[in-house]
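Printed here is query36.cif (mmCIF, C-alpha atoms and all ligand atoms):
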data_protein
#
loop_
_atom_site.label_atom_id
_atom_site.label_comp_id
_atom_site.auth_asym_id
_atom_site.auth_seq_id
_atom_site.Cartn_x
_atom_site.Cartn_y
_atom_site.Cartn_z
CA MET A 128 98.70 82.16 108.71
CA ARG A 129 97.07 80.97 111.92
CA THR A 130 93.51 82.16 112.42
CA PHE A 131 91.86 83.41 115.61
CA VAL A 132 90.30 79.97 116.18
CA ASP A 133 93.66 78.22 115.59
CA VAL A 134 95.38 80.38 118.16
CA PHE A 135 92.74 80.85 120.85
CA GLY A 136 90.39 77.89 120.31
CA CYS A 137 87.26 80.07 120.23
CA GLU A 138 85.48 82.39 117.81
CA PRO A 139 86.15 86.17 117.75
CA GLU A 140 83.35 88.32 119.18
CA ALA A 141 84.16 91.53 117.31
CA SER A 142 86.41 92.56 114.44
CA ALA A 143 87.51 95.72 112.67
CA SER A 144 89.96 96.93 110.05
CA ALA A 145 91.79 100.18 109.35
CA PHE A 146 93.67 101.31 106.25
CA GLY A 147 97.26 102.46 106.08
CA ARG A 148 97.81 105.92 104.62
CA VAL A 149 100.03 107.74 102.21
CA ASN A 150 100.58 111.43 102.70
CA LEU A 151 100.45 113.40 99.43
CA LEU A 152 101.76 116.64 100.88
CA GLY A 153 102.29 118.25 104.29
CA GLU A 154 105.14 116.32 105.89
CA HIS A 155 106.23 116.98 109.47
CA THR A 156 103.71 119.80 109.64
CA ASP A 157 101.28 118.03 111.98
CA TYR A 158 103.26 118.48 115.20
CA ASN A 159 103.68 122.11 114.18
CA GLU A 160 99.89 122.46 114.15
CA GLY A 161 99.88 122.83 110.36
CA TYR A 162 98.18 121.25 107.35
CA VAL A 163 98.36 117.71 105.93
CA LEU A 164 96.91 115.97 102.88
CA PRO A 165 96.82 112.17 103.19
CA THR A 166 94.76 109.50 101.47
CA THR A 167 94.31 105.88 102.52
CA ILE A 168 95.96 102.99 100.70
CA PRO A 169 94.15 99.70 99.95
CA GLN A 170 96.30 97.77 102.45
CA ALA A 171 94.64 97.42 105.85
CA THR A 172 95.20 95.96 109.28
CA HIS A 173 92.56 93.56 110.59
CA VAL A 174 91.96 92.99 114.28
CA GLN A 175 89.69 90.39 115.85
CA VAL A 176 88.93 90.33 119.55
CA ALA A 177 87.08 88.33 122.20
CA LEU A 178 86.85 88.37 125.97
CA SER A 179 89.45 86.18 127.63
CA SER A 180 88.24 83.45 129.96
CA THR A 181 91.35 83.85 132.13
CA ARG A 182 93.10 86.82 133.78
CA ARG A 183 95.57 87.01 130.93
CA PHE A 184 95.55 89.42 128.00
CA ARG A 185 96.73 87.43 124.98
CA PHE A 186 97.81 88.93 121.63
CA TYR A 187 98.79 87.19 118.41
CA ALA A 188 100.36 88.89 115.37
CA ALA A 189 99.71 86.52 112.47
CA ASN A 190 102.23 88.09 110.06
CA LEU A 191 105.01 87.82 112.59
CA GLY A 192 103.85 84.50 114.03
CA GLU A 193 104.38 86.14 117.43
CA PHE A 194 102.34 85.49 120.51
CA LEU A 195 102.48 87.31 123.83
CA GLU A 196 100.50 87.48 127.02
CA TYR A 197 100.44 89.44 130.24
CA GLU A 198 98.32 90.09 133.30
CA ASP A 199 97.14 93.39 134.72
CA GLU A 200 99.90 94.80 136.97
CA GLY A 201 102.38 92.56 135.12
CA GLN A 202 105.21 93.62 132.81
CA ALA A 203 103.94 95.71 129.85
CA PRO A 204 104.47 93.91 126.53
CA ARG A 205 107.00 95.10 123.99
CA GLY A 206 107.25 94.98 120.18
CA PHE A 207 103.90 94.93 118.36
CA GLY A 208 102.22 94.37 121.74
CA GLN A 209 103.03 97.84 122.99
CA TYR A 210 100.62 99.41 120.48
CA VAL A 211 97.75 97.11 121.48
CA TYR A 212 98.61 97.51 125.14
CA GLY A 213 98.71 101.30 124.62
CA CYS A 214 95.20 101.24 123.13
CA ILE A 215 93.89 99.26 126.10
CA GLU A 216 95.57 101.58 128.60
CA VAL A 217 94.29 104.80 126.97
CA LEU A 218 90.77 103.37 126.94
CA LYS A 219 91.12 102.57 130.64
CA SER A 220 92.35 106.10 131.33
CA ARG A 221 89.14 107.32 129.72
CA GLY A 222 87.17 105.33 132.29
CA VAL A 223 86.43 102.27 130.14
CA ASN A 224 86.61 98.98 131.99
CA VAL A 225 88.68 96.73 129.72
CA PRO A 226 88.70 93.14 130.95
CA PRO A 227 91.37 90.71 129.72
CA VAL A 228 90.94 90.20 125.97
CA LEU A 229 92.20 87.98 123.18
CA VAL A 230 93.50 89.92 120.17
CA HIS A 231 94.40 88.54 116.73
CA ILE A 232 96.13 90.84 114.23
CA ALA A 233 96.69 90.35 110.51
CA SER A 234 98.09 93.18 108.45
CA GLU A 235 98.72 93.97 104.81
CA VAL A 236 100.34 97.31 105.63
CA PRO A 237 104.12 96.94 105.34
CA MET A 238 105.69 97.49 108.73
CA GLY A 239 108.02 100.43 109.21
CA GLY A 240 107.55 101.56 105.61
CA GLY A 241 106.23 105.05 106.32
CA LEU A 242 102.67 103.99 105.48
CA SER A 243 101.35 104.17 108.97
CA SER A 244 101.35 100.52 109.97
CA SER A 245 101.31 101.51 113.63
CA ALA A 246 98.35 103.90 113.28
CA ALA A 247 96.41 101.28 111.28
CA LEU A 248 97.04 98.81 114.11
CA GLU A 249 95.97 101.32 116.76
CA VAL A 250 92.84 102.43 114.90
CA ALA A 251 91.78 98.86 114.06
CA THR A 252 92.38 97.77 117.68
CA LEU A 253 90.37 100.66 119.11
CA ARG A 254 87.56 100.07 116.60
CA ALA A 255 87.41 96.38 117.53
CA LEU A 256 87.43 97.16 121.27
CA ARG A 257 84.81 99.90 120.78
CA GLN A 258 82.55 97.27 119.24
CA LEU A 259 83.35 94.51 121.73
CA LEU A 260 82.85 96.69 124.80
CA ASP A 261 80.15 98.92 123.32
CA VAL A 262 82.11 102.09 124.05
CA SER A 263 80.70 105.38 122.81
CA LEU A 264 83.58 106.95 120.94
CA ASP A 265 83.46 108.98 117.72
CA ASP A 266 86.09 108.66 115.01
CA VAL A 267 87.95 111.85 115.94
CA GLU A 268 88.09 110.89 119.60
CA LEU A 269 89.28 107.45 118.53
CA ALA A 270 92.09 108.98 116.45
CA LYS A 271 93.17 111.08 119.44
CA LEU A 272 93.29 108.01 121.69
CA ALA A 273 95.27 106.14 119.03
CA GLN A 274 97.80 108.98 118.92
CA ARG A 275 98.08 108.92 122.72
CA ALA A 276 98.72 105.17 122.59
CA GLU A 277 101.65 105.79 120.25
CA VAL A 278 103.12 108.75 122.16
CA GLU A 279 102.68 107.35 125.66
CA TYR A 280 103.34 103.66 125.03
CA ALA A 281 105.54 103.44 121.90
CA GLY A 282 107.63 106.52 122.74
CA VAL A 283 107.28 108.35 119.42
CA ARG A 284 106.13 111.94 119.90
CA CYS A 285 104.10 111.76 116.70
CA GLY A 286 101.47 114.22 115.54
CA ILE A 287 97.91 113.27 114.62
CA LEU A 288 98.34 112.84 110.85
CA ASP A 289 98.47 109.05 110.70
CA GLN A 290 95.70 108.31 113.17
CA MET A 291 93.31 110.87 111.64
CA ALA A 292 94.10 109.58 108.14
CA SER A 293 93.47 105.99 109.19
CA SER A 294 90.32 106.83 111.18
CA LEU A 295 88.73 109.42 108.85
CA GLY A 296 90.48 109.04 105.49
CA SER A 297 88.97 107.55 102.39
CA PRO A 298 90.55 105.55 99.52
CA ASP A 299 89.64 107.78 96.60
CA ARG A 300 89.74 111.14 98.37
CA MET A 301 92.40 113.22 100.02
CA LEU A 302 91.83 114.37 103.56
CA PHE A 303 92.68 118.04 103.93
CA LEU A 304 93.21 118.38 107.66
CA ASP A 305 94.08 121.38 109.79
CA THR A 306 95.88 119.63 112.63
CA ARG A 307 95.37 122.56 115.00
CA THR A 308 91.59 122.69 114.84
CA LEU A 309 91.02 119.21 113.35
CA GLU A 310 88.75 120.89 110.79
CA ARG A 311 88.83 118.73 107.71
CA LYS A 312 87.44 118.17 104.23
CA LEU A 313 87.50 115.13 102.01
CA LEU A 314 88.52 116.42 98.58
CA PRO A 315 88.77 114.75 95.16
CA MET A 316 92.21 113.33 94.36
CA PRO A 317 94.48 115.66 92.37
CA GLY A 318 94.17 113.59 89.18
CA GLY A 319 96.60 111.25 87.46
CA GLU A 320 97.37 107.84 88.91
CA LEU A 321 98.71 107.32 92.39
CA ILE A 322 101.94 105.35 92.82
CA VAL A 323 103.49 104.24 96.10
CA VAL A 324 106.86 102.50 96.06
CA ASP A 325 108.70 101.10 99.03
CA SER A 326 112.38 102.03 98.79
CA GLY A 327 113.39 98.82 100.57
CA ILE A 328 115.51 100.95 102.89
CA ALA A 329 114.79 100.15 106.49
CA ARG A 330 114.13 103.24 108.51
CA THR A 331 117.02 104.05 110.73
CA LEU A 332 116.95 106.76 113.36
CA ALA A 333 113.22 106.94 112.72
CA SER A 334 112.22 107.60 116.29
CA SER A 335 115.32 109.38 117.56
CA GLY A 336 115.64 111.58 114.44
CA TYR A 337 111.91 112.23 114.51
CA ASN A 338 111.83 113.31 118.14
CA GLN A 339 114.89 115.47 117.53
CA ARG A 340 113.20 117.29 114.62
CA ARG A 341 110.19 117.87 116.79
CA SER A 342 112.33 119.43 119.53
CA GLU A 343 114.08 121.62 116.97
CA CYS A 344 110.72 122.93 115.75
CA GLU A 345 109.64 123.64 119.31
CA ARG A 346 112.84 125.61 119.92
CA ALA A 347 112.40 127.54 116.68
CA ALA A 348 108.81 128.43 117.60
CA ALA A 349 109.89 129.55 121.08
CA LEU A 350 112.67 131.75 119.65
CA LEU A 351 110.22 133.32 117.21
CA GLY A 352 107.72 133.84 120.02
CA VAL A 353 104.90 131.90 118.37
CA LYS A 354 102.82 129.05 119.79
CA ALA A 355 103.74 126.75 116.89
CA LEU A 356 105.57 127.15 113.57
CA ARG A 357 102.18 127.08 111.88
CA ASP A 358 101.78 130.66 113.11
CA GLU A 359 104.79 131.85 111.12
CA THR A 360 103.54 132.27 107.57
CA THR A 361 106.38 134.16 105.87
CA LEU A 362 110.10 133.51 105.65
CA ASP A 363 110.96 137.05 106.77
CA ARG A 364 112.03 136.25 110.32
CA ILE A 365 113.78 132.92 109.94
CA VAL A 366 117.12 134.72 109.46
CA GLU A 367 116.90 135.41 113.20
CA LEU A 368 117.19 131.68 113.92
CA PRO A 369 120.49 129.84 114.39
CA ALA A 370 121.27 126.94 112.04
CA PRO A 371 119.79 124.37 111.65
CA LEU A 372 116.62 125.82 113.17
CA ASP A 373 116.33 128.30 110.28
CA ARG A 374 116.23 125.43 107.78
CA ARG A 375 113.79 123.40 109.86
CA ALA A 376 111.44 126.40 110.13
CA ARG A 377 111.75 127.12 106.41
CA HIS A 378 110.61 123.59 105.61
CA ILE A 379 107.54 123.88 107.84
CA ILE A 380 106.57 127.32 106.54
CA THR A 381 106.98 126.41 102.86
CA GLU A 382 105.35 122.99 103.33
CA ASN A 383 102.23 124.52 104.88
CA ALA A 384 102.10 126.97 101.96
CA ARG A 385 102.38 124.07 99.50
CA VAL A 386 99.42 122.27 101.07
CA LEU A 387 97.32 125.42 100.98
CA GLU A 388 98.21 125.98 97.34
CA ALA A 389 97.49 122.32 96.51
CA VAL A 390 93.92 122.58 97.83
CA SER A 391 93.26 125.91 96.13
CA GLY A 392 92.25 124.23 92.87
CA VAL A 393 95.60 123.69 91.10
CA ASP A 394 95.83 121.25 88.21
CA VAL A 395 97.65 117.93 88.53
CA ALA A 396 100.78 119.25 86.82
CA ARG A 397 101.16 121.97 89.46
CA PHE A 398 100.33 119.47 92.19
CA GLY A 399 103.23 117.36 90.92
CA GLU A 400 105.59 120.34 91.08
CA LEU A 401 104.55 120.96 94.66
CA MET A 402 105.40 117.32 95.47
CA ASN A 403 108.84 117.76 93.89
CA ASP A 404 109.42 120.95 95.88
CA SER A 405 108.31 119.17 99.04
CA HIS A 406 110.92 116.46 98.50
CA ALA A 407 113.70 118.99 97.96
CA SER A 408 112.67 120.75 101.15
CA LEU A 409 112.58 117.50 103.14
CA ARG A 410 115.99 116.57 101.78
CA ASP A 411 117.80 119.90 102.09
CA ASP A 412 116.05 121.85 104.84
CA TYR A 413 114.52 119.19 107.02
CA GLU A 414 117.25 116.59 106.34
CA VAL A 415 115.07 113.51 106.73
CA SER A 416 115.86 111.86 103.40
CA VAL A 417 118.55 109.25 102.79
CA PRO A 418 120.51 108.61 99.56
CA GLY A 419 118.41 105.59 98.46
CA LEU A 420 115.18 107.56 98.81
CA ASP A 421 116.70 110.43 96.85
CA THR A 422 117.68 108.00 94.08
CA LEU A 423 114.18 106.54 93.91
CA VAL A 424 112.49 109.94 93.96
CA HIS A 425 114.87 111.23 91.29
CA LEU A 426 114.09 108.25 89.02
CA LEU A 427 110.37 108.84 89.47
CA GLN A 428 110.69 112.58 88.87
CA GLN A 429 112.76 112.05 85.69
CA HIS A 430 110.22 109.68 84.18
CA PRO A 431 108.37 111.43 81.33
CA SER A 432 105.01 110.14 82.57
CA VAL A 433 105.37 111.43 86.15
CA TYR A 434 103.93 114.72 87.39
CA GLY A 435 105.82 114.68 90.67
CA ALA A 436 107.27 112.48 93.41
CA ARG A 437 108.47 112.73 96.98
CA LEU A 438 109.30 110.69 100.04
CA THR A 439 106.24 110.12 102.21
CA GLY A 440 105.93 109.72 105.98
CA ALA A 441 108.61 110.53 108.48
CA GLY A 442 111.53 109.78 106.13
CA PHE A 443 114.87 108.19 107.17
CA GLY A 444 113.93 105.35 104.74
CA GLY A 445 110.50 103.99 103.87
CA ALA A 446 108.27 104.79 100.91
CA CYS A 447 107.85 107.33 98.09
CA VAL A 448 104.64 108.63 96.56
CA ALA A 449 104.20 109.82 92.98
CA LEU A 450 101.47 110.91 90.59
CA ALA A 451 101.67 109.55 87.05
CA HIS A 452 99.84 110.46 83.87
CA PRO A 453 96.56 108.52 83.57
CA GLY A 454 97.06 104.97 82.31
CA THR A 455 100.83 104.93 82.79
CA ALA A 456 101.30 103.80 86.39
CA SER A 457 102.21 100.17 85.61
CA LYS A 458 104.84 101.17 83.07
CA VAL A 459 106.28 103.87 85.35
CA LYS A 460 106.60 101.39 88.21
CA SER A 461 108.31 98.76 86.11
CA ASP A 462 110.69 101.27 84.43
CA VAL A 463 111.61 102.91 87.71
CA LEU A 464 112.07 99.68 89.65
CA THR A 465 114.33 98.33 86.92
CA ALA A 466 116.50 101.46 87.01
CA TYR A 467 116.45 101.43 90.82
CA ALA A 468 117.66 97.81 90.80
CA ALA A 469 120.44 98.78 88.37
CA ALA A 470 121.50 101.40 90.93
CA GLY A 471 121.84 98.59 93.48
CA PHE A 472 118.58 98.90 95.39
CA GLU A 473 115.57 96.66 95.75
CA GLY A 474 112.26 98.50 95.75
CA LYS A 475 108.71 97.25 95.68
CA ALA A 476 105.53 98.75 94.24
CA LEU A 477 102.80 98.94 96.87
CA VAL A 478 100.10 100.92 95.05
C1 LIG B 1 105.08 110.11 111.12
C2 LIG B 1 104.24 110.63 112.28
C3 LIG B 1 103.23 111.67 111.82
C4 LIG B 1 103.88 112.75 110.96
C5 LIG B 1 104.77 112.13 109.88
C6 LIG B 1 105.58 113.16 109.12
O1 LIG B 1 104.28 109.38 110.23
O2 LIG B 1 103.58 109.57 112.92
O3 LIG B 1 102.57 112.23 112.94
O4 LIG B 1 104.59 113.66 111.75
O5 LIG B 1 105.68 111.19 110.42
O6 LIG B 1 104.75 114.02 108.42
#

Would you give me this structure, written as structure tokens?
Amino acid sequence: MRTFVDVFGCEPEASASAFGRVNLLGEHTDYNEGYVLPTTIPQATHVQVALSSTRRFRFYAANLGEFLEYEDEGQAPRGFGQYVYGCIEVLKSRGVNVPPVLVHIASEVPMGGGLSSSAALEVATLRALRQLLDVSLDDVELAKLAQRAEVEYAGVRCGILDQMASSLGSPDRMLFLDTRTLERKLLPMPGGELIVVDSGIARTLASSGYNQRRSECERAAALLGVKALRDETTLDRIVELPAPLDRRARHIITENARVLEAVSGVDVARFGELMNDSHASLRDDYEVSVPGLDTLVHLLQQHPSVYGARLTGAGFGGACVALAHPGTASKVKSDVLTAYAAAGFEGKALV
């Protein structure tokens, strides 16, 4: 992989990293102002920056071997560049003077795998620019800017889960976050051993399906007369909603309840059951699973050493998360990946 010096012929002046995340419970609840429960994964995105000596912004993505450049007032970059560009533009909108910069990106977070590669890129970029330009910006504010970069410049109307997880999460803790108030607590992990497996299924419809679910939730909340579905805490009134809004609302209401139960001091076995229930709800009510993910989750759930498993992230492909009995994770991964291959799929263990 080409280094910063190889590409730009000078040394970086600042650098920062940010972890990807895996969400243990609380899926699609964030844009309904509900609860989430992510932890970070060891894979990170690394960004190095320096001031440019010309009028051109120049970005290099080492994993992709892709280079792009632009000038202020010129055509906005696309692909990976739109996230970096988005970070620069949101900083500018906050009154920060961002001169042309050189940006080198190297990432271990698999792209498009539901592990928040875009948030890790945004958070690492903003951290590096914060350092380079000496901007006063706390980690919550930084997460909010990262989310704006994604919504306004990458066109995904995402919630704040990924950016908060990447900015404030911790590897051996789970971040219990109320996405309405941004109140949060870092809690001990539920126990057992964490497993993350990429299903190998490229995410299709990820942004169109995602934005559609978000609109459905907004319609359901409006019909119920609440600000957000987070405010509906029982299933009593969802019969008033037309299909499929009733199912969408049921997922959000039950998923928020699962997160609250999970942080109420349950043991790891119960935590696993809540993960299994979450998957069923994402598959049947929220309809964001795909057959390959269901196969992988089923194989994990059937394994005698697994407490529970579910798809993680937006769905439509991507990764699954599971909790295994202590000391069994390697065997579970190899057993499940063998069976998954026999079913005609190619998965990969990530954690
Ligand atoms: C994506 C979004 C998040 C969240 C999850 C689903 O990762 O970026 O904001 O909505 O999907 O929980």

A:Leu264, A:Ala348, A:Leu272, A:Ala355 ranked by distance to A:Leu372, top pick (using only C-alpha atoms):
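Checking each candidate against A:Leu372, we get A:Ala348 as the closest.
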
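Near A:Ala376, within a cut-off of 9 Å and counting only C-alpha atoms, sit the residues Glu343, Cys344, Ala347, Ala348, Leu356, Glu359, Leu362, Ile365, Leu368, Pro371, Leu372, Asp373, Ile379, Ile380, Thr381, Asp412 and Tyr413 of chain A, with same-chain residues fewer than 3 positions away left out.
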
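Nearest-residue note for A:Arg346: choosing from A:Ala370, A:Ala177, A:Leu164, A:Leu314, the minimum distance belongs to A:Ala370, counting all atoms listed in the file.
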
What separation in Å, quoted to one decimal, exists between atom CA of A:Ser293 and atom CA of A:Ala449?
19.8 Å

Taking only C-alpha atoms and all ligand atoms into account, which residues are within 8 Å of ligand LIG 1 (chain B), as a VMD selection string?
chain A and resid 150 153 to 158 163 241 to 243 246 283 to 290 337 439 to 442

May I ask for the distance between atom CA of A:Cys137 and atom CA of A:Ser294, given in Å to one decimal place?
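Here the two named atoms are 28.4 Å from each other.
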
What separates atom CA of A:Phe186 and atom CA of A:Pro237 is a distance of 19.2 Å

Pick the closest to A:His406 from A:Ala255, A:Ala470, A:Leu152, A:Leu351: which is it, counting all atoms listed in the file?
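Looking at the shortest contact to A:His406, the residue is A:Leu152.
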
Shell of 12 Å around A:Ser461, all atoms listed in the file, local chain residues under 3 positions omitted, as a PDB file with C-alpha atoms, keeping the file's coordinate frame:
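around-v1.pdb was written with the following content:
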ATOM      1  CA  ILE A 322     101.940 105.350  92.820  1.00  0.00           C
ATOM      2  CA  VAL A 324     106.860 102.500  96.060  1.00  0.00           C
ATOM      3  CA  LEU A 426     114.090 108.250  89.020  1.00  0.00           C
ATOM      4  CA  LEU A 427     110.370 108.840  89.470  1.00  0.00           C
ATOM      5  CA  HIS A 430     110.220 109.680  84.180  1.00  0.00           C
ATOM      6  CA  THR A 455     100.830 104.930  82.790  1.00  0.00           C
ATOM      7  CA  ALA A 456     101.300 103.800  86.390  1.00  0.00           C
ATOM      8  CA  SER A 457     102.210 100.170  85.610  1.00  0.00           C
ATOM      9  CA  LYS A 458     104.840 101.170  83.070  1.00  0.00           C
ATOM     10  CA  LEU A 464     112.070  99.680  89.650  1.00  0.00           C
ATOM     11  CA  THR A 465     114.330  98.330  86.920  1.00  0.00           C
ATOM     12  CA  ALA A 466     116.500 101.460  87.010  1.00  0.00           C
ATOM     13  CA  TYR A 467     116.450 101.430  90.820  1.00  0.00           C
ATOM     14  CA  ALA A 468     117.660  97.810  90.800  1.00  0.00           C
ATOM     15  CA  GLY A 474     112.260  98.500  95.750  1.00  0.00           C
ATOM     16  CA  LYS A 475     108.710  97.250  95.680  1.00  0.00           C
ATOM     17  CA  ALA A 476     105.530  98.750  94.240  1.00  0.00           C
TER      18      ALA A 476
END

Residue with the minimum atom-to-atom distance to A:Val230, picked from A:Thr130, A:Glu200, A:Leu321, A:Asp265 with only C-alpha atoms counted, is A:Thr130

Select, counting only C-alpha atoms, all protein, DNA and RNA residues no farther than 12 Å from (95.1, 124.9, 95.2) in file coordinates, and express the selection as a ChimeraX atom specification.
/A:164,303,314-317,384-399,401

For a quick check of understanding, using all atoms listed in the file, which of A:Ser263, A:Gly327, A:Phe207, A:Gly318 has the smallest distance to A:Glu277?
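That would be A:Phe207, the residue with the smallest distance to A:Glu277.
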
Compile the contact shell of A:Val250 as number ranges by chain: residues with an atom at most 12 Å away, counting all atoms listed in the file, same-chain residues fewer than 2 positions apart removed.
A: 142-148, 171-174, 210-211, 213-215, 243-248, 252-257, 264-277, 287, 289-296

Please provide as a ChimeraX atom specification all residues within 12 Å of A:Gly444, with the sequence filter that same-chain residues fewer than 6 positions apart are discarded (counting all atoms listed in the file).
/A:239-242,324-334,336,410,414-424,438,474

Close residues, A:Val448 itself excluded, 6 Å, only C-alpha atoms, min 3 positions apart in chain, as a PyMOL selection string
chain A and resi 322-323+436-437

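Compared by their closest atoms to A:Leu350, and using all atoms listed in the file, the residues A:Arg307, A:Glu367, A:Thr166, A:Asp133 rank with A:Glu367 nearest.
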
Taking all atoms of stretch 199-216 of chain A that appear in the file, build a box with edges along x, y and z, extend it by 8 Å on every side, and state its centre and edge lengths in Å to one decimal, as lines of an AutoDock Vina configuration file.
center_x = 100.6
center_y = 97.1
center_z = 127.7
size_x = 29.4
size_y = 25.0
size_z = 34.6
